[in-house]
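One file, my_file03.txt, carrying compact mmCIF, C-alpha atoms:
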# COMPACT_ATOMS: atom_id res chain seq x y z
CA MET A 87 100.89 65.58 122.18
CA ASN A 88 98.56 67.69 120.22
CA LYS A 89 99.94 71.16 120.54
CA SER A 90 98.57 73.80 118.23
CA ARG A 91 101.09 76.23 116.93
CA ARG A 92 99.92 79.78 116.68
CA GLY A 93 101.87 82.79 115.38
CA PHE A 94 104.89 83.24 113.20
CA THR A 95 108.41 81.99 113.53
CA VAL A 96 111.27 84.44 113.73
CA VAL A 97 112.43 83.46 110.23
CA GLU A 98 108.98 84.18 108.75
CA LEU A 99 108.90 87.61 110.42
CA ILE A 100 112.40 88.49 109.16
CA VAL A 101 111.54 87.45 105.58
CA THR A 102 108.26 89.43 105.64
CA ILE A 103 109.93 92.55 107.04
CA GLY A 104 112.74 92.22 104.48
CA ILE A 105 110.26 92.08 101.59
CA LEU A 106 108.45 95.17 102.93
CA ILE A 107 111.75 97.05 103.26
CA VAL A 108 112.74 96.22 99.66
CA ILE A 109 109.35 97.31 98.27
CA THR A 110 109.41 100.53 100.32
CA ALA A 111 112.96 101.32 99.18
CA LEU A 112 111.99 100.84 95.53
CA ILE A 113 108.99 103.13 95.89
CA LEU A 114 110.86 105.84 97.80
CA ALA A 115 113.82 105.76 95.41
CA ASP A 116 111.55 106.71 92.49
CA TYR A 117 109.35 109.17 94.41
CA PRO A 118 111.16 112.46 93.55
CA GLU A 119 111.16 111.70 89.82
CA PHE A 120 107.56 110.49 90.00
CA SER A 121 106.56 113.70 91.80
CA GLN A 122 108.24 115.87 89.14
CA ARG A 123 106.57 113.93 86.31
CA MET A 124 103.18 114.42 87.96
CA SER A 125 103.87 118.12 88.46
CA LEU A 126 104.78 118.51 84.76
CA LYS A 127 101.64 116.65 83.71
CA LYS A 128 99.50 118.79 86.04
CA THR A 129 100.98 122.02 84.64
CA ALA A 130 100.30 120.91 81.05
CA GLN A 131 96.73 120.01 81.99
CA GLU A 132 96.20 123.37 83.71
CA ILE A 133 97.39 125.30 80.64
CA ALA A 134 95.14 123.17 78.41
CA LEU A 135 92.25 123.84 80.81
CA VAL A 136 92.73 127.62 80.54
CA ILE A 137 92.77 127.28 76.74
CA ARG A 138 89.47 125.36 77.02
CA GLN A 139 88.14 128.15 79.24
CA ALA A 140 88.94 130.72 76.52
CA GLN A 141 87.23 128.43 74.01
CA ALA A 142 84.12 128.18 76.19
CA TYR A 143 84.02 131.96 76.66
CA GLY A 144 84.49 132.66 72.94
CA LEU A 145 82.04 130.10 71.64
CA GLY A 146 79.59 130.53 74.50
CA VAL A 147 78.97 134.21 73.67
CA ARG A 148 80.20 135.60 76.99
CA GLU A 149 79.62 139.30 77.45
CA PHE A 150 82.88 141.09 78.33
CA ILE A 151 81.36 143.48 80.86
CA PRO A 152 77.79 142.67 81.93
CA GLY A 153 75.40 145.12 80.29
CA SER A 154 78.00 146.42 77.81
CA GLY A 155 76.64 144.54 74.79
CA LEU A 156 80.26 143.67 73.88
CA TYR A 157 80.80 140.00 72.92
CA PRO A 158 84.47 139.67 71.93
CA GLY A 159 86.56 136.64 71.10
CA TYR A 160 88.56 135.22 73.97
CA GLY A 161 92.05 133.83 73.93
CA ILE A 162 95.34 132.96 75.55
CA HIS A 163 98.50 135.01 75.10
CA ILE A 164 101.90 133.43 75.70
CA ASP A 165 105.09 135.46 75.57
CA SER A 166 108.43 133.64 75.49
CA SER A 167 110.02 136.42 77.55
CA SER A 168 107.79 135.33 80.49
CA PRO A 169 108.25 131.55 80.51
CA ASP A 170 106.50 131.10 83.84
CA SER A 171 103.22 132.87 82.99
CA PHE A 172 100.49 133.30 80.38
CA LEU A 173 97.24 135.21 80.28
CA LEU A 174 93.59 134.97 79.39
CA PHE A 175 92.32 137.94 77.38
CA ALA A 176 89.33 139.33 75.53
CA ASP A 177 90.07 140.44 71.95
CA LEU A 178 88.13 143.71 72.15
CA ASN A 179 89.14 145.05 68.71
CA GLY A 180 88.83 141.72 66.88
CA ASN A 181 92.39 141.70 65.47
CA LYS A 182 93.06 138.16 66.84
CA LEU A 183 96.05 139.43 68.85
CA TYR A 184 96.57 140.48 72.46
CA ASP A 185 97.01 144.26 72.57
CA GLY A 186 97.64 144.62 76.31
CA GLY A 187 96.04 146.71 78.98
CA ALA A 188 92.25 146.61 78.90
CA GLU A 189 92.13 143.23 77.09
CA GLN A 190 93.73 141.27 79.94
CA ILE A 191 91.30 139.25 82.03
CA GLU A 192 93.60 137.12 84.18
CA LEU A 193 97.32 136.42 84.49
CA PHE A 194 98.25 132.81 85.28
CA LYS A 195 101.59 132.06 86.97
CA ILE A 196 103.24 128.64 86.81
CA LYS A 197 104.35 128.15 90.42
CA THR A 198 105.56 124.57 90.27
CA GLY A 199 108.98 125.17 88.66
CA GLU A 200 108.06 124.13 85.12
CA THR A 201 108.50 126.66 82.31
CA ILE A 202 107.21 127.26 78.80
CA TYR A 203 110.40 126.80 76.84
CA ASP A 204 109.25 126.93 73.21
CA LEU A 205 106.35 128.00 71.02
CA CYS A 206 105.93 126.40 67.59
CA GLY A 207 103.58 126.85 64.67
CA ASN A 208 102.92 124.63 61.69
CA GLY A 209 101.58 125.30 58.21
CA LYS A 210 99.00 127.73 56.82
CA ASP A 211 101.09 130.77 55.74
CA THR A 212 104.50 129.61 57.07
CA PRO A 213 106.84 126.68 56.53
CA PRO A 214 106.05 123.67 58.72
CA GLY A 215 107.72 123.38 62.08
CA VAL A 216 108.52 127.03 62.84
CA CYS A 217 109.69 127.17 66.46
CA SER A 218 111.26 129.71 68.80
CA LEU A 219 108.33 132.08 68.29
CA ASN A 220 108.32 135.14 70.54
CA THR A 221 104.56 135.12 71.18
CA MET A 222 101.52 132.97 70.53
CA ASP A 223 97.90 134.15 70.55
CA ILE A 224 95.20 131.48 70.59
CA VAL A 225 91.81 133.15 70.03
CA TYR A 226 88.27 131.77 69.77
CA PHE A 227 85.49 133.77 68.08
CA ARG A 228 81.81 133.07 67.87
CA PRO A 229 80.03 131.55 66.02
CA ALA A 230 82.85 129.67 64.28
CA PRO A 231 84.39 126.78 66.24
CA VAL A 232 87.70 127.38 64.42
CA VAL A 233 90.53 128.86 66.44
CA SER A 234 92.92 131.61 65.36
CA LEU A 235 96.56 130.63 66.01
CA ARG A 236 98.83 133.63 65.49
CA SER A 237 102.27 134.88 66.23
CA GLY A 238 102.57 138.47 65.09
CA ALA A 239 101.55 138.67 61.42
CA PHE A 240 101.68 134.91 60.84
CA THR A 241 98.78 132.48 61.12
CA TYR A 242 99.27 128.76 61.79
CA ALA A 243 97.29 125.57 61.14
CA ASP A 244 98.33 124.17 64.52
CA ALA A 245 100.44 125.38 67.40
CA GLU A 246 102.56 123.69 70.05
CA ILE A 247 103.32 124.93 73.53
CA LYS A 248 106.33 123.09 74.91
CA ILE A 249 106.76 122.84 78.66
CA LYS A 250 109.78 121.50 80.49
CA SER A 251 110.68 120.45 83.97
CA GLN A 252 114.22 120.55 85.31
CA HIS A 253 114.38 116.78 85.81
CA ALA A 254 111.19 115.19 84.47
CA GLY A 255 111.42 115.92 80.75
CA THR A 256 108.95 117.78 78.55
CA LYS A 257 105.28 117.91 77.56
CA GLU A 258 103.68 119.43 74.49
CA ILE A 259 100.25 120.99 74.29
CA ILE A 260 99.04 120.91 70.69
CA ILE A 261 96.19 123.14 69.56
CA TRP A 262 94.68 122.25 66.18
CA LEU A 263 92.87 124.69 63.88
CA SER A 264 89.67 122.73 64.54
CA GLY A 265 89.90 123.66 68.24
CA GLN A 266 91.06 120.24 69.43
CA ILE A 267 93.64 120.32 72.23
CA SER A 268 95.95 117.42 73.04
CA ILE A 269 98.78 116.85 75.52
CA GLU A 270 101.69 114.66 74.49

Write out the structure in this file as structure tokens.
Amino acid sequence: MNKSRRGFTVVELIVTIGILIVITALILADYPEFSQRMSLKKTAQEIALVIRQAQAYGLGVREFIPGSGLYPGYGIHIDSSSPDSFLLFADLNGNKLYDGGAEQIELFKIKTGETIYDLCGNGKDTPPGVCSLNTMDIVYFRPAPVVSLRSGAFTYADAEIKIKSQHAGTKEIIIWLSGQISIE
């Protein structure tokens, strides 16, 4: 009686299916929170990327209008009254601030539900840890690799852009005077 047994027993199939159901349930239970965390991380990376774009324009000697001979500094303007948007601008008059109108290059909208909830500046001509700023202008000028971090009349040694999600927590984008950008 040499019968070869091929296949699975009913008990083996039930155990295997049970394990798959448990693993799937664990993954699906965490999916909404995971998705929101990834969305928050993506938004922070996109804002940091636009800041890098302004840095590349400013340090790369980009002409504002081709043939104009105008090579301004470039920057990012964030206004706390518009927590779901920020803009890329060219500092045409060299005052290291966004003056509106003709300086605007592109408006970026945050469409994923996250918002910019706080702007902070540290050091230079203010006490450390000043938050709840109304605006923040991050401007890069050639040929210096140093960035200008300003809110109104005040200049900062580093700045923080704080982003929040309704359910996934917060992220901070830190811009250092040296031009370094980090996401925490």

Practice task
Please indicate the distance in Å from CA of Ala239 (chain A) to CA of Gln141 (chain A), rounded to one decimal place.
Solution key: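 We find that CA of Ala239 (chain A) and CA of Gln141 (chain A) lie 21.6 Å from each other.
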
Handout entry: Two-atom distance - CA of Lys127 (chain A), CA of Lys257 (chain A) (Å)
Key = 7.3 Å

Give me, as a Markdown table, each residue of region 108-208 of chain A that comes within 9 Å of region 217-220 of chain A, together with its shortest interatomic pair and the distance in Å at one decimal, counting only C-alpha atoms, with rows ordered by chain and rising residue number.
| residue | atom | partner | partner_atom | distance |
| --- | --- | --- | --- | --- |
| A:Ile164 | CA | A:Asn220 | CA | 8.4 |
| A:Asp165 | CA | A:Asn220 | CA | 6.0 |
| A:Ser166 | CA | A:Asn220 | CA | 5.2 |
| A:Ser167 | CA | A:Asn220 | CA | 7.3 |
| A:Tyr203 | CA | A:Ser218 | CA | 8.6 |
| A:Asp204 | CA | A:Ser218 | CA | 5.6 |
| A:Leu205 | CA | A:Leu219 | CA | 5.3 |
| A:Cys206 | CA | A:Cys217 | CA | 4.0 |
| A:Gly207 | CA | A:Cys217 | CA | 6.4 |
| A:Asn208 | CA | A:Cys217 | CA | 8.7 |

Mind dumping a table of every region 131-250 of chain A residue within 10 Å of region 101-125 of chain A, with the nearest atom pair and its distance in Å to one decimal, using only C-alpha atoms, sorted by chain and rising number, as CSV?
residue,atom,partner,partner_atom,distance
A:Gln131,CA,A:Ser125,CA,9.8
A:Thr198,CA,A:Ser125,CA,6.9
A:Gly199,CA,A:Ser125,CA,8.7
A:Glu200,CA,A:Ser125,CA,8.1

Problem - Selected residue of minimal separation from Gly161 (chain A) among A:Leu145, A:Ile202, A:Ile224, A:Ile100, counting all atoms listed in the file - result: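 Distance minimum relative to Gly161 (chain A) lands on A:Ile224.
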
Exercise for the section: Please determine the residues with any atom at most 10 Å from (87.7, 139.0, 73.8) (coordinates as given in the file, with all atoms listed in the file counting) and report them as a ChimeraX atom specification. Expected result: /A:140,143-144,147-150,156-162,174-184,189-191,225-227

Practice task
Mind giving me the straight-line distance from CA of Gly209 (chain A) to CA of Pro229 (chain A) in Å, one decimal?
Solution key: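 So the two atoms, CA of Gly209 (chain A) and CA of Pro229 (chain A), lie 23.8 Å apart.
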
Exercise for the section: Please provide as a ChimeraX atom specification all residues within 6 Å of Ser171 (chain A), with the sequence filter that same-chain residues fewer than 4 positions apart are discarded (counting only C-alpha atoms). Expected result: /A:194-196

Output as AutoDock Vina command-line options the centre and edge lengths (Å, one decimal) of the box along x, y and z of the file that holds every listed atom of region 248-263 of chain A after adding 4 Å on each side.
--center_x 103.6 --center_y 119.9 --center_z 74.8 --size_x 29.5 --size_y 17.5 --size_z 29.9

Exercise for the section: Identify which of the residues A:Gly265, A:Ile249, A:Val96, A:Leu173 lies closest to Gly187 (chain A), counting only C-alpha atoms when measuring atom-to-atom distances. Expected result: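 Result for the nearest residue to Gly187 (chain A): A:Leu173.
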
Exercise for the section: Measuring atom to atom with only C-alpha atoms, identify which of A:Thr241, A:Leu99, A:Ile247, A:Val232 is nearest to Ser264 (chain A). Expected result: A:Val232
